[in-house]
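Q: This is the structure, below, for whatever I ask next.
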Amino acid sequence: MDRLDELGAFVAVADARSFTQGARKLGVSSAQVSKLVARLENRLGARLLNRTTRDVSLTDTGQAYLERARELLQGFEALETSVRDQTGPSGLLKVSAPVSFGRNQLTPALLDFASGCNAVSLDVVFSDRMVNLVEEGFDVAVRIGHLSDSSLVARRLAAVRMVTCASPGYLARAGTPTSLEDLTRHEAVLDTNVRDPTIWRFGPQSEPREVRVHGRLRFSGAEACAAAAVAGFGLTRTPAFAVADDLRAGRLVPVLCNHEPELVHVHAVYPHARHLAAKVRAFVDFLAARYAGEPKWHQGWGSRHPVP
């Protein structure tokens with residue numbers, strides 16, 4: 001176990017590029033982590049880390065050793081997990097999810113999951129940052145949109161329409177756009193979580209049409225954009241789950257429905273493992289069942305056809 005502690009300390013420091021941050025991740029003191037790494041280097045007779053007052057970096061030997069050390073730790077964790085999981089889902093489940101979807105849709109599901117799996121503890125982080133699951137210790141992430149190629153396993157959970165909408169008051173004052181060209185004459189509420197918030201894309205991926213919009217209000221989140229649209233500040237383009245209640249209540253009105261872009265999808269992603277932890281499998285299966293069929297955020301506001 002001493003050698004595993006040494007490996008764990010080394011990997012934590014190498015990933016964080018800091019003894020302090022590595023120790024915080026492990027829940028121990030910096031002095032203890034420093035002692036473990038030094039003991040590992042002395043036993044190997046090789047320097048694995050370059051240390052300065054400002055930074056920690058890997059030596060060439062350390063870089064090669066890091067990959068094998070991480071594989072050994074993951075293998076040991078998988079071995080223990082396969083034994084523990086014989087009694088069912090248990091332990092700490094660390095989850096990452098985007099802010100708007102997490103607060104708006106995922107929280108009720110998380111609470112129901114926690115009620116049904118008393119042996120599982122949840123540590124949930126809502127952030128729109130793309131976390132590194134392996135390096136940051138997350139078991140699973142919920143992500144929306146196109147997934148880049150990676151070694152992660154992805155399971156599709158649900159479809160999401162992007163909705164262009166505005167308040168009845170704004171449309172009465174500024175007019176209802178009937179073509180994409182009309183958007184250039186309207187005030188837009190912009191979501192800065194997308195790469196270029198001033199470019200709205202419509203139509204299928206094979207033949208996309210782009211429209212440059214403008215607006216004086218920008219927010220890093222769909223909920224704030226929806227609130228501004230309800231208040232009459234302009235058109236916004238946002239995922240359906242963020243505005244479904246406002247659309248049903250008539251506080252917002254969808255426009256340009258014939259120019260909807262392709263659907264985006266909600267996925268659960270998790271690191272590939274030969275022995276998938278029961279807690280991860282149970283959580284992903286729960287979400288898949290929860291969001292099966294046409295999502296509630298597409299219902300009750302005049303959606304034109306079911307979503308697969």
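By convention here, the chains of the structure tokens are called A, B, ... in the order presented, each chain's residues are numbered starting at 1, and ligands are numbered starting at 1 in the order presented.
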Please identify all polymer residues within 10 Å of range 134-138 of chain A, counting only C-alpha atoms, omitting same-chain residues fewer than 5 positions from it, and present them as a PDB file with N, CA and C atoms, in the first residue's frame.

A:
```pdb
ATOM      1  N   VAL A  11       1.037  10.986  -9.217  1.00  0.00           N
ATOM      2  CA  VAL A  11       0.057  11.271 -10.270  1.00  0.00           C
ATOM      3  C   VAL A  11      -0.729  12.535  -9.947  1.00  0.00           C
ATOM      4  N   ALA A  12      -1.127  12.693  -8.697  1.00  0.00           N
ATOM      5  CA  ALA A  12      -1.899  13.881  -8.304  1.00  0.00           C
ATOM      6  C   ALA A  12      -1.081  15.153  -8.504  1.00  0.00           C
ATOM      7  N   ALA A  14       1.584  15.534 -10.515  1.00  0.00           N
ATOM      8  CA  ALA A  14       1.868  15.708 -11.940  1.00  0.00           C
ATOM      9  C   ALA A  14       0.666  16.280 -12.678  1.00  0.00           C
ATOM     10  N   ASP A  15      -0.531  15.800 -12.359  1.00  0.00           N
ATOM     11  CA  ASP A  15      -1.732  16.298 -13.021  1.00  0.00           C
ATOM     12  C   ASP A  15      -2.025  17.743 -12.640  1.00  0.00           C
ATOM     13  N   ALA A  16      -1.810  18.088 -11.389  1.00  0.00           N
ATOM     14  CA  ALA A  16      -2.126  19.436 -10.913  1.00  0.00           C
ATOM     15  C   ALA A  16      -0.980  20.415 -11.145  1.00  0.00           C
ATOM     16  N   LYS A  25      -6.293  17.644  -3.602  1.00  0.00           N
ATOM     17  CA  LYS A  25      -7.095  16.632  -4.300  1.00  0.00           C
ATOM     18  C   LYS A  25      -7.135  15.329  -3.505  1.00  0.00           C
ATOM     19  N   ARG A  70      -0.439   5.774 -13.931  1.00  0.00           N
ATOM     20  CA  ARG A  70      -1.883   5.997 -14.006  1.00  0.00           C
ATOM     21  C   ARG A  70      -2.605   4.695 -14.363  1.00  0.00           C
ATOM     22  N   GLN A  74      -5.435   2.911 -12.049  1.00  0.00           N
ATOM     23  CA  GLN A  74      -6.768   2.631 -12.587  1.00  0.00           C
ATOM     24  C   GLN A  74      -7.080   1.149 -12.521  1.00  0.00           C
ATOM     25  N   LEU A  93     -20.054   9.182  -5.999  1.00  0.00           N
ATOM     26  CA  LEU A  93     -20.198   9.384  -7.438  1.00  0.00           C
ATOM     27  C   LEU A  93     -20.010  10.870  -7.724  1.00  0.00           C
ATOM     28  N   LYS A  94     -18.965  11.201  -8.471  1.00  0.00           N
ATOM     29  CA  LYS A  94     -18.672  12.601  -8.786  1.00  0.00           C
ATOM     30  C   LYS A  94     -19.154  12.897 -10.205  1.00  0.00           C
ATOM     31  N   VAL A  95     -20.033  13.896 -10.333  1.00  0.00           N
ATOM     32  CA  VAL A  95     -20.729  14.184 -11.592  1.00  0.00           C
ATOM     33  C   VAL A  95     -20.458  15.623 -12.023  1.00  0.00           C
ATOM     34  N   SER A  96     -20.229  15.824 -13.308  1.00  0.00           N
ATOM     35  CA  SER A  96     -20.114  17.167 -13.891  1.00  0.00           C
ATOM     36  C   SER A  96     -21.277  17.376 -14.851  1.00  0.00           C
ATOM     37  N   ASP A 123     -21.465  13.936  -5.474  1.00  0.00           N
ATOM     38  CA  ASP A 123     -20.701  15.187  -5.486  1.00  0.00           C
ATOM     39  C   ASP A 123     -20.873  15.752  -6.887  1.00  0.00           C
ATOM     40  N   VAL A 124     -21.745  16.758  -7.017  1.00  0.00           N
ATOM     41  CA  VAL A 124     -22.144  17.270  -8.332  1.00  0.00           C
ATOM     42  C   VAL A 124     -21.594  18.678  -8.519  1.00  0.00           C
ATOM     43  N   VAL A 125     -20.938  18.899  -9.651  1.00  0.00           N
ATOM     44  CA  VAL A 125     -20.382  20.206  -9.990  1.00  0.00           C
ATOM     45  C   VAL A 125     -21.072  20.715 -11.244  1.00  0.00           C
ATOM     46  N   LEU A 152     -13.533   8.544 -24.258  1.00  0.00           N
ATOM     47  CA  LEU A 152     -14.673   8.423 -23.362  1.00  0.00           C
ATOM     48  C   LEU A 152     -15.801   7.621 -24.017  1.00  0.00           C
ATOM     49  N   TYR A 270     -18.379   8.878 -19.830  1.00  0.00           N
ATOM     50  CA  TYR A 270     -17.595   8.376 -18.709  1.00  0.00           C
ATOM     51  C   TYR A 270     -16.372   7.652 -19.255  1.00  0.00           C
ATOM     52  N   PRO A 271     -15.311   7.567 -18.465  1.00  0.00           N
ATOM     53  CA  PRO A 271     -14.097   6.901 -18.946  1.00  0.00           C
ATOM     54  C   PRO A 271     -14.337   5.431 -19.219  1.00  0.00           C
TER      55      PRO A 271
END
```

Q: Just the helix (DSSP H, G or I) stuff from range 56-228 of chain A, please, per backbone DSSP, written as a PyMOL selection string.

A: chain A and resi 60-87+99-116+133-136+168-174+180-185+222-228

Q: List the neighbours of Leu48 in chain A out to 8 Å using only C-alpha atoms; skip same-chain residues closer than 6 positions along the sequence, and give me the result as a list in words.

A: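 The contact residues come out as Glu41, Leu58, Thr59, Asp60, Thr61, Gly62, Gln63 and Tyr65 of chain A.
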
Q: Hey, can you spit out that residue selection with C-alpha atoms as a PDB file, in the first residue's frame?

A:
```pdb
ATOM      1  CA  GLU A  41      12.165   9.107  -6.551  1.00  0.00           C
ATOM      2  CA  LEU A  58       7.635  16.383 -15.491  1.00  0.00           C
ATOM      3  CA  THR A  59      11.084  15.209 -16.520  1.00  0.00           C
ATOM      4  CA  ASP A  60      11.287  12.956 -19.562  1.00  0.00           C
ATOM      5  CA  THR A  61      11.541   9.995 -17.216  1.00  0.00           C
ATOM      6  CA  GLY A  62       8.597  11.295 -15.222  1.00  0.00           C
ATOM      7  CA  GLN A  63       6.454  11.664 -18.342  1.00  0.00           C
ATOM      8  CA  TYR A  65       6.504   6.857 -15.752  1.00  0.00           C
TER       9      TYR A  65
END
```

Q: So which residues of range 122-209 of chain A fall under strand (DSSP E) by DSSP, listed as a PyMOL selection string?

A: chain A and resi 122-126+140-144+152-160+162-166+187-191+199-202+209

Q: Do a neighbour search on range 237-253 of chain A at 10 Å with only C-alpha atoms, toss out local chain neighbours closer than 5 positions, and write the hits as an MDAnalysis selection string.

A: chainID A and resid 100:101 103:105 144 159:171 176 188:191 197 200:201 221:227 229:232 263:264 295:302

Q: Report the distance between CA of Val56 in chain A and CA of Arg17 in chain A in Å, rounded to one decimal place.

A: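 Straight-line distance from CA of Val56 in chain A to CA of Arg17 in chain A works out to 4.9 Å.
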
Q: Ranking A:Glu207, A:Asp55, A:Glu294, A:Glu260 by minimum distance to Thr20 in chain A and counting only C-alpha atoms, which one comes first?

A: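 When distances to Thr20 in chain A are compared using only C-alpha atoms, the smallest one comes from A:Asp55.
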
Q: Given only C-alpha atoms as the basis, pick out the residue of A:Ala289, A:Leu40, A:Leu7, A:Val213 nearest to Leu26 in chain A.

A: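 Closest residue, counting only C-alpha atoms: A:Leu7.
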
Q: In Å, how far is it from CA of Ala46 in chain A to CA of Ser30 in chain A?

A: 21.1 Å
